[in-house]
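As provided, upload05.cif (mmCIF, C-alpha atoms) reads as follows.
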data_start
loop_
_atom_site.label_atom_id
_atom_site.label_comp_id
_atom_site.auth_asym_id
_atom_site.auth_seq_id
_atom_site.Cartn_x
_atom_site.Cartn_y
_atom_site.Cartn_z
CA MET A 1 17.60 31.07 42.21
CA ASP A 2 18.49 27.78 43.83
CA SER A 3 20.17 24.77 42.28
CA ILE A 4 19.64 21.19 43.39
CA GLU A 5 21.58 17.94 43.07
CA ALA A 6 20.11 15.11 40.98
CA ASP A 7 19.65 12.83 43.99
CA ASP A 8 17.61 15.51 45.76
CA LEU A 9 15.76 16.65 42.62
CA TYR A 10 14.12 13.37 41.64
CA GLU A 11 11.98 11.16 43.80
CA GLU A 12 12.05 8.37 41.25
CA ARG A 13 13.71 7.80 37.89
CA GLY A 14 12.98 4.97 35.49
CA ALA A 15 9.95 3.14 36.80
CA VAL A 16 7.81 5.56 38.79
CA SER A 17 5.34 4.08 41.26
CA PHE A 18 1.81 3.85 39.84
CA SER A 19 0.50 4.80 43.29
CA ARG A 20 1.83 8.33 43.05
CA PRO A 21 -0.74 10.74 41.58
CA ILE A 22 0.26 12.60 38.44
CA LEU A 23 1.83 15.82 39.66
CA GLN A 24 3.72 18.93 38.66
CA GLY A 25 7.27 18.05 37.64
CA ASP A 26 6.43 14.55 36.38
CA ILE A 27 8.24 13.66 33.14
CA PHE A 28 6.66 11.53 30.40
CA GLU A 29 7.91 9.80 27.24
CA GLY A 30 6.10 9.47 23.94
CA VAL A 31 3.73 12.43 24.07
CA VAL A 32 2.66 14.06 20.80
CA LEU A 33 2.56 17.83 21.24
CA PRO A 34 0.14 19.92 19.19
CA GLY A 35 2.16 22.15 16.83
CA PHE A 36 5.41 20.26 17.42
CA GLY A 37 5.11 17.72 14.58
CA ASP A 38 4.13 14.06 14.68
CA GLU A 39 7.18 12.79 16.52
CA PRO A 40 6.41 11.91 20.14
CA LYS A 41 8.27 14.04 22.67
CA ARG A 42 9.53 13.83 26.20
CA VAL A 43 7.66 16.40 28.34
CA GLN A 44 7.43 17.71 31.89
CA ILE A 45 4.21 18.86 33.58
CA VAL A 46 4.60 22.49 34.60
CA THR A 47 1.05 23.24 35.75
CA HIS A 48 0.73 23.88 39.48
CA PRO A 49 -1.01 20.95 41.23
CA CYS A 50 -3.86 23.30 42.25
CA SER A 51 -4.48 24.17 38.58
CA MET A 52 -4.54 20.61 37.23
CA ARG A 53 -8.12 19.97 38.26
CA ARG A 54 -11.26 21.80 39.14
CA GLY A 55 -12.47 20.23 42.35
CA PRO A 56 -12.12 16.45 41.95
CA VAL A 57 -12.36 16.66 38.12
CA SER A 58 -9.12 16.73 36.14
CA ASN A 59 -8.69 19.44 33.50
CA GLU A 60 -9.10 18.31 29.89
CA ARG A 61 -5.71 19.72 28.99
CA ILE A 62 -2.58 20.05 31.11
CA GLN A 63 0.33 22.42 30.61
CA VAL A 64 3.61 20.77 29.74
CA ALA A 65 6.94 21.83 28.26
CA PRO A 66 9.21 19.68 26.07
CA VAL A 67 12.35 18.13 27.57
CA ASP A 68 15.48 18.00 25.42
CA SER A 69 19.17 17.21 25.77
CA TYR A 70 21.04 20.07 27.41
CA GLN A 71 24.52 21.13 28.43
CA LYS A 72 25.88 20.48 31.91
CA VAL A 73 24.90 23.47 34.03
CA GLY A 74 27.22 24.92 36.65
CA ASP A 75 25.44 28.09 37.71
CA TRP A 76 21.69 27.48 37.40
CA ASN A 77 21.08 31.25 37.54
CA GLY A 78 22.41 31.66 34.03
CA HIS A 79 19.79 29.34 32.54
CA GLY A 80 16.47 30.97 33.38
CA ARG A 81 14.63 29.72 30.29
CA VAL A 82 14.90 26.10 31.29
CA MET A 83 14.53 23.69 34.19
CA PRO A 84 17.83 21.78 34.24
CA LEU A 85 17.40 18.02 34.63
CA PRO A 86 20.78 16.52 35.58
CA ASP A 87 21.20 12.79 35.01
CA LEU A 88 17.53 12.38 34.09
CA LEU A 89 18.10 9.01 32.45
CA SER A 90 20.71 7.89 35.02
CA ASP A 91 23.39 8.00 32.32
CA GLY A 92 25.26 11.07 33.54
CA LYS A 93 23.87 13.24 30.74
CA TRP A 94 21.88 16.43 31.24
CA HIS A 95 18.46 17.35 29.93
CA ALA A 96 16.33 20.45 30.42
CA THR A 97 12.69 21.49 30.20
CA LYS A 98 12.25 24.37 27.74
CA PHE A 99 9.86 26.91 29.25
CA VAL A 100 9.73 28.94 26.01
CA ASP A 101 8.00 26.02 24.26
CA LEU A 102 5.35 25.61 26.93
CA THR A 103 2.11 24.14 25.57
CA ALA A 104 -0.78 21.95 26.68
CA VAL A 105 -1.73 18.35 25.95
CA ALA A 106 -4.89 16.35 26.44
CA ALA A 107 -4.80 14.90 29.96
CA PRO A 108 -5.29 11.28 28.72
CA GLU A 109 -1.92 11.58 26.91
CA LEU A 110 -0.17 11.65 30.28
CA THR A 111 -0.56 8.02 31.27
CA LEU A 112 1.15 6.33 34.20
CA ASP A 113 3.02 3.92 31.96
CA ARG A 114 4.57 6.83 30.04
CA ARG A 115 5.91 8.49 33.20
CA ILE A 116 9.69 8.13 33.49
CA ALA A 117 10.50 10.41 36.42
CA SER A 118 8.91 12.24 39.31
CA LEU A 119 10.33 15.10 41.33
CA SER A 120 10.83 15.24 45.09
CA HIS A 121 8.99 18.00 46.95
CA PRO A 122 12.16 20.15 47.09
CA GLY A 123 12.53 19.48 43.35
CA ILE A 124 8.99 20.72 42.72
CA HIS A 125 9.73 23.88 44.73
CA VAL A 126 12.81 24.55 42.59
CA LEU A 127 10.72 24.07 39.42
CA GLN A 128 8.09 26.49 40.77
CA GLN A 129 10.75 29.04 41.64
CA ARG A 130 12.18 28.90 38.11
CA LEU A 131 8.74 29.07 36.46
CA VAL A 132 7.84 32.18 38.44
CA TRP A 133 11.16 33.79 37.56
CA HIS A 134 10.81 32.87 33.89
CA ASN A 135 7.31 34.33 33.64
CA THR A 136 7.70 37.38 35.88
CA ARG A 137 11.40 37.90 36.70
CA LEU A 138 10.49 37.59 40.37
CA THR A 139 12.65 35.39 42.59
CA LEU A 140 11.00 33.97 45.69
CA ASP A 141 12.50 31.87 48.47
CA LEU A 142 11.98 28.11 48.27
CA ALA A 143 10.56 28.21 51.81
CA LYS A 144 7.63 30.26 50.51
CA PHE A 145 6.90 27.72 47.78
CA ARG A 146 7.09 24.96 50.37
CA GLN A 147 4.61 26.77 52.60
CA GLN A 148 2.28 27.58 49.71
CA SER A 149 2.33 24.05 48.27
CA ALA A 150 2.20 22.17 51.58
CA PRO A 151 -1.52 21.21 51.55
CA ILE A 152 -1.64 20.01 47.95
CA LEU A 153 1.63 18.07 48.15
CA ALA A 154 0.54 16.52 51.45
CA GLU A 155 -2.73 15.47 49.81
CA ALA A 156 -0.85 13.82 46.93
CA GLU A 157 1.40 12.02 49.39
CA MET A 158 -1.62 10.82 51.39
CA GLN A 159 -3.26 9.51 48.21
CA GLU A 160 -0.14 7.48 47.49
CA LEU A 161 -0.11 6.27 51.10
CA TRP A 162 -3.74 5.17 50.65
CA ILE A 163 -3.17 3.32 47.39
CA ASP A 164 -0.07 1.54 48.72
CA ALA A 165 -2.07 0.36 51.73
CA VAL A 166 -5.21 -0.65 49.81
CA LEU A 167 -3.58 -2.45 46.88
CA ASP A 168 -0.87 -5.08 46.86
CA GLU A 169 2.06 -4.20 44.63
CA GLY A 170 1.02 -6.72 41.99
CA ALA A 171 -2.52 -5.35 41.91
CA ARG A 172 -1.53 -1.75 41.15
CA THR A 173 -2.73 -1.57 37.55
CA ALA A 174 -3.64 1.82 36.10
CA ASP A 175 -7.37 1.12 36.48
CA ALA A 176 -7.08 -0.21 40.03
CA VAL A 177 -4.92 2.76 41.04
CA GLU A 178 -7.40 5.20 39.53
CA ALA A 179 -10.28 3.54 41.38
CA ALA A 180 -8.37 3.62 44.66
CA GLY A 181 -7.57 7.29 44.03
CA VAL A 182 -11.28 8.05 43.60
CA GLN A 183 -11.95 6.13 46.83
CA PHE A 184 -9.36 8.23 48.67
CA GLN A 185 -10.80 11.48 47.35
CA ALA A 186 -14.29 10.42 48.47
CA TRP A 187 -12.93 9.62 51.94
CA LEU A 188 -11.28 13.03 52.05
CA SER A 189 -14.62 14.67 51.28
CA GLU A 190 -16.56 12.82 53.98
CA ASP A 191 -18.06 14.69 56.95
CA ASP A 192 -18.78 17.77 54.89
CA ASN A 193 -15.17 18.09 53.72
CA ARG A 194 -13.76 18.10 57.26
CA ARG A 195 -10.50 16.45 56.20
CA ARG A 196 -10.06 18.75 53.22
CA ALA A 197 -10.45 21.72 55.56
CA GLU A 198 -7.91 20.20 57.95
CA LEU A 199 -5.41 19.83 55.10
CA ASP A 200 -5.08 23.63 55.03
CA ALA A 201 -2.95 23.62 58.18
CA GLU A 202 0.37 21.74 58.36
CA ALA A 203 -0.33 21.20 62.05
CA ASN A 204 -2.97 18.64 61.00
CA HIS A 205 -0.90 16.75 58.45
CA ALA A 206 0.69 14.20 60.79
CA LYS A 207 -2.74 13.30 62.20
CA LEU A 208 -4.25 13.08 58.69
CA ARG A 209 -1.44 10.82 57.49
CA ARG A 210 -2.15 8.46 60.38
CA GLU A 211 -5.91 8.57 59.68
CA THR A 212 -5.26 7.93 55.98
CA ARG A 213 -3.21 4.86 56.74
CA ALA A 214 -5.74 3.50 59.25
CA ALA A 215 -8.75 4.09 56.96
CA ALA A 216 -6.96 2.53 53.99
CA LEU A 217 -6.03 -0.58 55.99
CA GLU A 218 -9.68 -0.90 57.05
CA ARG A 219 -10.76 -0.92 53.42
CA ARG A 220 -8.16 -3.51 52.64
CA GLY A 221 -9.99 -5.71 55.15
CA MET B 1 41.65 60.71 95.82
CA MET B 2 38.51 62.46 94.57
CA LYS B 3 38.96 65.25 97.10
CA THR B 4 42.58 65.66 96.08
CA VAL B 5 41.73 65.91 92.37
CA ALA B 6 38.98 68.45 93.05
CA ARG B 7 41.32 70.62 95.03
CA ALA B 8 44.10 70.25 92.47
CA VAL B 9 41.95 71.65 89.63
CA GLY B 10 40.48 74.35 91.83
CA VAL B 11 36.92 73.04 91.88
CA SER B 12 34.93 73.54 95.07
CA ARG B 13 33.36 70.55 96.76
CA SER B 14 29.82 71.82 96.18
CA GLU B 15 30.51 72.18 92.45
CA ASN B 16 31.72 68.60 91.99
CA ILE B 17 28.91 66.04 92.32
CA ARG B 18 31.45 63.18 92.56
CA ALA B 19 33.30 64.78 95.43
CA TYR B 20 32.21 62.46 98.21
CA GLU B 21 33.95 60.05 100.50
CA PRO B 22 34.31 56.52 99.04
CA PRO B 23 31.98 54.00 100.74
CA THR B 24 33.77 51.85 103.24
CA SER B 25 31.08 49.86 105.05
CA THR B 26 29.72 48.14 101.89
CA SER B 27 32.87 47.75 99.82
CA ALA B 28 33.73 44.33 101.20
CA LEU B 29 30.16 43.15 100.66
CA SER B 30 30.15 44.58 97.15
CA ILE B 31 33.35 42.76 96.26
CA SER B 32 31.94 39.56 97.72
CA ALA B 33 28.69 39.92 95.72
CA ASP B 34 30.71 40.63 92.59
CA TRP B 35 32.74 37.43 92.98
CA LEU B 36 29.72 35.32 93.89
CA ARG B 37 27.79 36.51 90.87
CA THR B 38 30.74 35.77 88.60
CA ASP B 39 30.92 32.29 90.11
CA ILE B 40 27.18 31.74 89.56
CA ASP B 41 27.34 33.00 85.96
CA SER B 42 30.24 30.68 85.31
CA LEU B 43 28.40 27.82 87.03
CA HIS B 44 25.30 28.55 84.95
CA ASP B 45 27.27 28.38 81.69
CA GLY B 46 29.00 25.20 82.82
CA MET B 47 25.71 23.64 83.88
CA ARG B 48 24.06 24.51 80.55
CA ASP B 49 26.97 22.98 78.60
CA LEU B 50 26.84 19.87 80.76
CA HIS B 51 23.07 19.62 80.31
CA GLU B 52 23.43 19.90 76.52
CA LYS B 53 26.05 17.14 76.57
CA THR B 54 23.83 14.87 78.67
CA ARG B 55 20.90 15.49 76.32
CA SER B 56 23.07 14.63 73.34
CA LEU B 57 24.36 11.47 75.04
CA ASP B 58 20.81 10.52 76.01
CA LEU B 59 19.68 10.87 72.38
CA ASP B 60 22.70 8.93 71.11
CA GLU B 61 22.04 6.08 73.52
CA ARG B 62 18.34 5.94 72.71
CA ALA B 63 19.13 6.02 68.99
CA HIS B 64 21.68 3.22 69.35
CA GLN B 65 19.21 1.04 71.24
CA LYS B 66 16.49 1.75 68.71
CA ALA B 67 18.79 1.04 65.76
CA THR B 68 19.80 -2.23 67.40
CA ALA B 69 16.22 -3.31 68.00
CA SER B 70 14.63 -2.17 64.71
CA ASP B 71 15.57 -2.60 61.06
CA VAL B 72 15.14 0.14 58.43
CA PRO B 73 11.63 -0.90 57.27
CA ALA B 74 10.45 -0.93 60.90
CA LEU B 75 11.96 2.50 61.54
CA LEU B 76 10.36 3.91 58.37
CA ASP B 77 7.01 2.41 59.38
CA GLU B 78 7.32 3.96 62.82
CA LEU B 79 8.21 7.42 61.49
CA ALA B 80 5.74 7.54 58.58
CA PHE B 81 2.80 5.44 59.73
CA THR B 82 2.84 5.46 63.53
CA ARG B 83 4.10 9.02 63.93
CA GLY B 84 2.78 10.50 60.67
CA MET B 85 5.90 12.23 59.34
CA SER B 86 6.13 13.04 55.64
CA TRP B 87 8.67 11.17 53.50
CA SER B 88 10.40 14.41 52.56
CA ASP B 89 10.78 15.45 56.22
CA ILE B 90 12.12 12.01 57.11
CA ALA B 91 14.64 12.30 54.28
CA ALA B 92 15.71 15.79 55.32
CA ALA B 93 16.05 14.83 58.99
CA ALA B 94 18.10 11.74 58.09
CA HIS B 95 20.24 13.79 55.68
CA VAL B 96 19.49 11.52 52.75
CA SER B 97 17.62 12.08 49.50
CA VAL B 98 13.91 11.37 49.09
CA SER B 99 14.83 8.87 46.38
CA ALA B 100 17.01 6.98 48.91
CA ILE B 101 14.04 6.73 51.28
CA ARG B 102 11.93 5.51 48.33
CA LYS B 103 14.50 2.78 47.58
CA TRP B 104 14.54 1.65 51.21
CA ARG B 105 10.75 1.47 51.15
CA LYS B 106 11.06 -0.90 48.22
CA GLY B 107 13.48 -3.10 50.14
CA GLY B 108 16.81 -1.52 49.22
CA THR B 109 19.64 -1.80 51.72
CA ALA B 110 20.70 1.08 53.93
CA THR B 111 24.02 1.52 55.72
CA ALA B 112 24.28 1.16 59.49
CA ASP B 113 24.95 4.89 59.62
CA ASN B 114 21.66 5.65 57.86
CA ARG B 115 19.81 3.24 60.13
CA GLU B 116 21.24 5.10 63.13
CA ARG B 117 20.08 8.42 61.68
CA LEU B 118 16.53 7.15 61.25
CA ALA B 119 16.67 5.81 64.80
CA ARG B 120 17.82 9.19 66.06
CA ILE B 121 14.76 10.90 64.57
CA ALA B 122 12.50 8.27 66.13
CA SER B 123 14.27 8.63 69.49
CA PHE B 124 13.91 12.39 69.41
CA LEU B 125 10.16 12.05 68.85
CA ASP B 126 10.00 9.57 71.76
CA LEU B 127 11.86 12.01 73.97
CA MET B 128 9.64 14.94 73.06
CA GLU B 129 6.59 12.84 73.79
CA GLU B 130 8.01 12.02 77.24
CA LYS B 131 8.48 15.72 77.80
CA GLY B 132 4.83 16.42 77.13
CA VAL B 133 4.48 17.02 73.39
CA ALA B 134 1.20 15.25 72.62
CA ASP B 135 1.92 14.72 68.92
CA PRO B 136 5.65 15.16 68.25
CA ALA B 137 5.41 14.66 64.45
CA GLN B 138 2.74 17.35 64.28
CA TRP B 139 4.80 19.64 66.51
CA MET B 140 7.79 19.24 64.18
CA GLU B 141 5.80 20.64 61.26
CA MET B 142 4.30 23.65 63.00
CA ALA B 143 5.90 27.03 62.29
CA LEU B 144 7.75 28.46 65.30
CA PRO B 145 6.05 31.48 66.90
CA LEU B 146 8.29 34.18 65.47
CA GLY B 147 5.82 36.67 64.07
CA PRO B 148 4.84 37.60 60.51
CA GLY B 149 7.44 37.05 57.82
CA TYR B 150 9.33 34.22 59.56
CA TYR B 151 8.83 30.59 58.61
CA ILE B 152 11.04 28.22 60.60
CA ARG B 153 9.74 24.86 61.79
CA PRO B 154 11.17 22.61 64.54
CA ILE B 155 12.03 20.07 61.83
CA ASP B 156 14.24 22.72 60.20
CA LEU B 157 16.21 23.09 63.44
CA PHE B 158 16.47 19.31 63.77
CA VAL B 159 17.76 19.06 60.19
CA ALA B 160 20.35 21.74 60.96
CA GLY B 161 21.61 19.57 63.84
CA HIS B 162 20.06 21.42 66.78
CA ALA B 163 17.84 18.80 68.40
CA GLU B 164 19.17 19.73 71.87
CA SER B 165 18.24 23.38 71.29
CA LEU B 166 14.67 22.34 70.52
CA ILE B 167 14.50 20.58 73.87
CA GLU B 168 16.00 23.65 75.55
CA TRP B 169 13.24 25.78 74.05
CA PHE B 170 10.47 23.33 74.79
CA GLU B 171 11.59 23.20 78.43
CA GLN B 172 11.38 27.02 78.41
CA ARG B 173 14.94 27.35 79.62
CA SER B 174 15.77 29.96 76.99
CA ARG B 175 13.84 32.35 74.78
CA LEU B 176 13.34 31.08 71.24
CA GLU B 177 15.02 34.17 69.75
CA THR B 178 18.07 33.67 72.00
CA ILE B 179 18.39 30.06 70.88
CA LEU B 180 18.03 30.95 67.20
CA ASP B 181 20.65 33.72 67.57
CA ALA B 182 23.05 31.07 68.87
CA VAL B 183 22.34 28.24 66.43
CA LEU B 184 21.09 29.99 63.26
CA PRO B 185 23.01 33.26 62.98
CA GLY B 186 21.35 35.45 60.37
CA TRP B 187 17.89 33.97 60.87
CA ARG B 188 16.50 37.49 61.41
CA ASP B 189 17.56 38.39 57.85
CA ARG B 190 15.27 35.67 56.49
CA ARG B 191 12.14 37.70 57.19
CA SER B 192 10.08 37.64 54.01
CA ASP B 193 7.91 40.39 52.57
CA VAL B 194 5.90 37.71 50.80
CA GLU B 195 3.10 35.99 52.65
CA VAL B 196 1.01 32.92 52.04
CA PHE B 197 -2.75 33.47 52.18
CA VAL B 198 -5.90 31.58 51.25
CA ASP B 199 -7.19 33.02 47.98
CA THR B 200 -10.82 33.35 46.87
CA ASP B 201 -10.70 29.88 45.27
CA GLY B 202 -9.82 28.36 48.65
CA GLN B 203 -6.25 27.57 47.60
CA ARG B 204 -3.08 29.00 49.09
CA SER B 205 -1.43 31.79 47.13
CA LEU B 206 1.45 34.23 47.54
CA ARG B 207 1.28 38.01 47.86
CA MET B 208 3.31 40.89 49.26
CA ARG B 209 2.70 41.26 52.97
CA ALA B 210 1.07 44.46 54.22
CA GLU B 211 3.01 46.03 57.13
#
Target encoding structure tokens, full file:
Amino acid sequence: MDSIEADDLYEERGAVSFSRPILQGDIFEGVVLPGFGDEPKRVQIVTHPCSMRRGPVSNERIQVAPVDSYQKVGDWNGHGRVMPLPDLLSDGKWHATKFVDLTAVAAPELTLDRRIASLSHPGIHVLQQRLVWHNTRLTLDLAKFRQQSAPILAEAEMQELWIDAVLDEGARTADAVEAAGVQFQAWLSEDDNRRRAELDAEANHAKLRRETRAAALERRG
Amino acid sequence: MMKTVARAVGVSRSENIRAYEPPTSTSALSISADWLRTDIDSLHDGMRDLHEKTRSLDLDERAHQKATASDVPALLDELAFTRGMSWSDIAAAAHVSVSAIRKWRKGGTATADNRERLARIASFLDLMEEKGVADPAQWMEMALPLGPGYYIRPIDLFVAGHAESLIEWFEQRSRLETILDAVLPGWRDRRSDVEVFVDTDGQRSLRMRAE
């Protein structure tokens, strides 16, 4: 299995942009886990982005695993029960997501203001690789996870592109961001889902990103 | 000499298929052709090296001009919004982290070196467009035509520092496999038995590839 440096693992630490849709690998503070007592926990979403919603509707519950303090990891291969999280809090200390304690929480628990970190795409691929290994003992190349996840991660990136273009930074409240996200999803479904169908091929992604930006700027007026 | 050897070991001329007189009328021509071909092969190698150097210099000069004329936000806008590249591909091609790109998007400062790297990506896309690639950012994301089991994209070659090789291939001056053998030794070992397919729910999934 592959290891990854902290700078390449995280896309953002601390304040994560509200524009970014909630995604696999996101880490949240203050989430009460069923069966884990009353004390709020730090958790990471482990559900694959494709499994977080059915069509445009988000699942009622989302799979997460608790994040705890952890030792510094040299060889990531020797720690298959966790997802190492080096320097999560930008204090030089290590944390890790404990796959053995995987559970699910109500989706409304995972609010944007509780999100403290998001993973880069390569970081998400590493998480997927470790999850597959943990659950099946099968190791797959990161390139395969990249290829498999390309449409859904491109869609998430386009949604963020849309929201950033439609809303000024000061206007990006949770409600406004959610509304803009719904607007983007509706745009994606126009023309009998033409754009959703085009998302399936990476060859269309550059064109779709440009169209996303142009359509969002039009809505901005 | 042949005749002498045949006689010395007691083999008759009819029994030895190599027992013929050495050619005399074409030997001078043959030697001349041999030398000329060696010269041409050597010239070809020298010309290819020179061409690669000129391509590299061309890219460097374009990148320098672009970096001089555009600041980091302008370069990011050009790559992401005008061209349509993904943030993660921009980060990989510039050899920086995605979080660094995110900070620059928010107004963080980048070094001159990083600015030059962003400009080099933009210049490469300009160059490929001049050479006839209709949508260079799209082209960078498309898997190279290597057959089932291989998944290498032009952006992967760019990230590995082989922009000139991509031009060489696009100009059809060398076979793709020949180029990859030279710049990515071991690429043939990366053939995967796992394939990506569209599952019944319409989403991409992984499965073992049928031969």
Once the PyMOL selection byres ((chain B and resi 103) around 12) is applied to the coordinates I shared, what remains selected? I want it as a count of residues only. 26
Evaluate the PyMOL selection byres ((chain A) within 7 of (chain B)) and record the selected residues as a PyMOL selection string, following the chain and residue labels used in the document. chain A and resi 7-8+10-12+120-121+148+202-207+209-210+213
Residue subset to file, keeping C-alpha atoms, as a short mmCIF file (atom, residue, chain, number, x, y, z; two decimals), keeping the file's coordinate frame:
data_model
loop_
_atom_site.label_atom_id
_atom_site.label_comp_id
_atom_site.auth_asym_id
_atom_site.auth_seq_id
_atom_site.Cartn_x
_atom_site.Cartn_y
_atom_site.Cartn_z
CA ASP A 7 19.65 12.83 43.99
CA ASP A 8 17.61 15.51 45.76
CA TYR A 10 14.12 13.37 41.64
CA GLU A 11 11.98 11.16 43.80
CA GLU A 12 12.05 8.37 41.25
CA SER A 120 10.83 15.24 45.09
CA HIS A 121 8.99 18.00 46.95
CA GLN A 148 2.28 27.58 49.71
CA GLU A 202 0.37 21.74 58.36
CA ALA A 203 -0.33 21.20 62.05
CA ASN A 204 -2.97 18.64 61.00
CA HIS A 205 -0.90 16.75 58.45
CA ALA A 206 0.69 14.20 60.79
CA LYS A 207 -2.74 13.30 62.20
CA ARG A 209 -1.44 10.82 57.49
CA ARG A 210 -2.15 8.46 60.38
CA ARG A 213 -3.21 4.86 56.74
#
Report, in Å to a single decimal, how far apart CA of Thr68 in chain B and CA of Glu168 in chain B are. 27.4 Å
Go ahead and find all residues with at least one atom no further than 12 Å from (3.5, 12.6, 41.7) in the file's coordinates, using only C-alpha atoms; report them as a short mmCIF file (atom, residue, chain, number, x, y, z; two decimals) with C-alpha atoms, in the frame of the given file.
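Output saved as part_27.cif:
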data_model
loop_
_atom_site.label_atom_id
_atom_site.label_comp_id
_atom_site.auth_asym_id
_atom_site.auth_seq_id
_atom_site.Cartn_x
_atom_site.Cartn_y
_atom_site.Cartn_z
CA TYR A 10 14.12 13.37 41.64
CA GLU A 11 11.98 11.16 43.80
CA GLU A 12 12.05 8.37 41.25
CA ARG A 13 13.71 7.80 37.89
CA VAL A 16 7.81 5.56 38.79
CA SER A 17 5.34 4.08 41.26
CA PHE A 18 1.81 3.85 39.84
CA SER A 19 0.50 4.80 43.29
CA ARG A 20 1.83 8.33 43.05
CA PRO A 21 -0.74 10.74 41.58
CA ILE A 22 0.26 12.60 38.44
CA LEU A 23 1.83 15.82 39.66
CA GLN A 24 3.72 18.93 38.66
CA GLY A 25 7.27 18.05 37.64
CA ASP A 26 6.43 14.55 36.38
CA ILE A 27 8.24 13.66 33.14
CA PHE A 28 6.66 11.53 30.40
CA GLN A 44 7.43 17.71 31.89
CA ILE A 45 4.21 18.86 33.58
CA HIS A 48 0.73 23.88 39.48
CA PRO A 49 -1.01 20.95 41.23
CA LEU A 112 1.15 6.33 34.20
CA ARG A 115 5.91 8.49 33.20
CA ILE A 116 9.69 8.13 33.49
CA ALA A 117 10.50 10.41 36.42
CA SER A 118 8.91 12.24 39.31
CA LEU A 119 10.33 15.10 41.33
CA SER A 120 10.83 15.24 45.09
CA HIS A 121 8.99 18.00 46.95
CA GLY A 123 12.53 19.48 43.35
CA ILE A 124 8.99 20.72 42.72
CA ILE A 152 -1.64 20.01 47.95
CA LEU A 153 1.63 18.07 48.15
CA ALA A 154 0.54 16.52 51.45
CA GLU A 155 -2.73 15.47 49.81
CA ALA A 156 -0.85 13.82 46.93
CA GLU A 157 1.40 12.02 49.39
CA MET A 158 -1.62 10.82 51.39
CA GLN A 159 -3.26 9.51 48.21
CA GLU A 160 -0.14 7.48 47.49
CA LEU A 161 -0.11 6.27 51.10
#
Any chance you could resolve the PyMOL selection byres ((chain A and resi 99) around 10) against this file and give the residues as a tab-separated table (two decimals) with C-alpha atoms, in the frame of the given file?
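Generated file (out.tsv):
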chain	number	residue	atom	x	y	z
A	44	GLN	CA	7.43	17.71	31.89
A	46	VAL	CA	4.60	22.49	34.60
A	64	VAL	CA	3.61	20.77	29.74
A	65	ALA	CA	6.94	21.83	28.26
A	66	PRO	CA	9.21	19.68	26.07
A	67	VAL	CA	12.35	18.13	27.57
A	80	GLY	CA	16.47	30.97	33.38
A	81	ARG	CA	14.63	29.72	30.29
A	82	VAL	CA	14.90	26.10	31.29
A	83	MET	CA	14.53	23.69	34.19
A	96	ALA	CA	16.33	20.45	30.42
A	97	THR	CA	12.69	21.49	30.20
A	98	LYS	CA	12.25	24.37	27.74
A	100	VAL	CA	9.73	28.94	26.01
A	101	ASP	CA	8.00	26.02	24.26
A	102	LEU	CA	5.35	25.61	26.93
A	103	THR	CA	2.11	24.14	25.57
A	130	ARG	CA	12.18	28.90	38.11
A	131	LEU	CA	8.74	29.07	36.46
A	134	HIS	CA	10.81	32.87	33.89
A	135	ASN	CA	7.31	34.33	33.64
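CA of Asp41 in chain B is positioned 18.6 Å from CA of Gln172 in chain B.
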Taking into account all atoms listed in the file, which residue in the set B:Arg48, B:Arg188, B:Arg120, B:Lys131 is nearest to Leu146 in chain B? B:Arg188
Length of the CA of Asp34 in chain B to CA of Met47 in chain B vector [Å]: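 Taking CA of Asp34 in chain B and CA of Met47 in chain B, their separation equals 19.7 Å.
Residues of protein, DNA or RNA having at least one counted atom within 10 Å of (25.6, 27.4, 38.9), given all atoms listed in the file, are Met1, Asp2, Ser3, Ile4, Lys72, Val73, Gly74, Asp75, Trp76, Asn77, Gly78 and His79 of chain A.
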Contacts of Val182 in chain A at 12 Å or less, counting all atoms listed in the file, minus same-chain residues fewer than 6 places along, as a list in words? Pro21, Pro56, Val57, Ser58, Gln159, Glu160, Trp162, Ile163, Asp175, Ala176, Leu188 and Ser189 of chain A
Please write the residues from the selection above to a file, keeping C-alpha atoms, as an mmCIF file, in the frame of the given file.
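Result written to out.cif:
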data_model
loop_
_atom_site.group_PDB
_atom_site.id
_atom_site.type_symbol
_atom_site.label_atom_id
_atom_site.label_comp_id
_atom_site.auth_asym_id
_atom_site.auth_seq_id
_atom_site.Cartn_x
_atom_site.Cartn_y
_atom_site.Cartn_z
ATOM 1 C CA PRO A 21 -0.740 10.740 41.580
ATOM 2 C CA PRO A 56 -12.120 16.450 41.950
ATOM 3 C CA VAL A 57 -12.360 16.660 38.120
ATOM 4 C CA SER A 58 -9.120 16.730 36.140
ATOM 5 C CA GLN A 159 -3.260 9.510 48.210
ATOM 6 C CA GLU A 160 -0.140 7.480 47.490
ATOM 7 C CA TRP A 162 -3.740 5.170 50.650
ATOM 8 C CA ILE A 163 -3.170 3.320 47.390
ATOM 9 C CA ASP A 175 -7.370 1.120 36.480
ATOM 10 C CA ALA A 176 -7.080 -0.210 40.030
ATOM 11 C CA LEU A 188 -11.280 13.030 52.050
ATOM 12 C CA SER A 189 -14.620 14.670 51.280
#
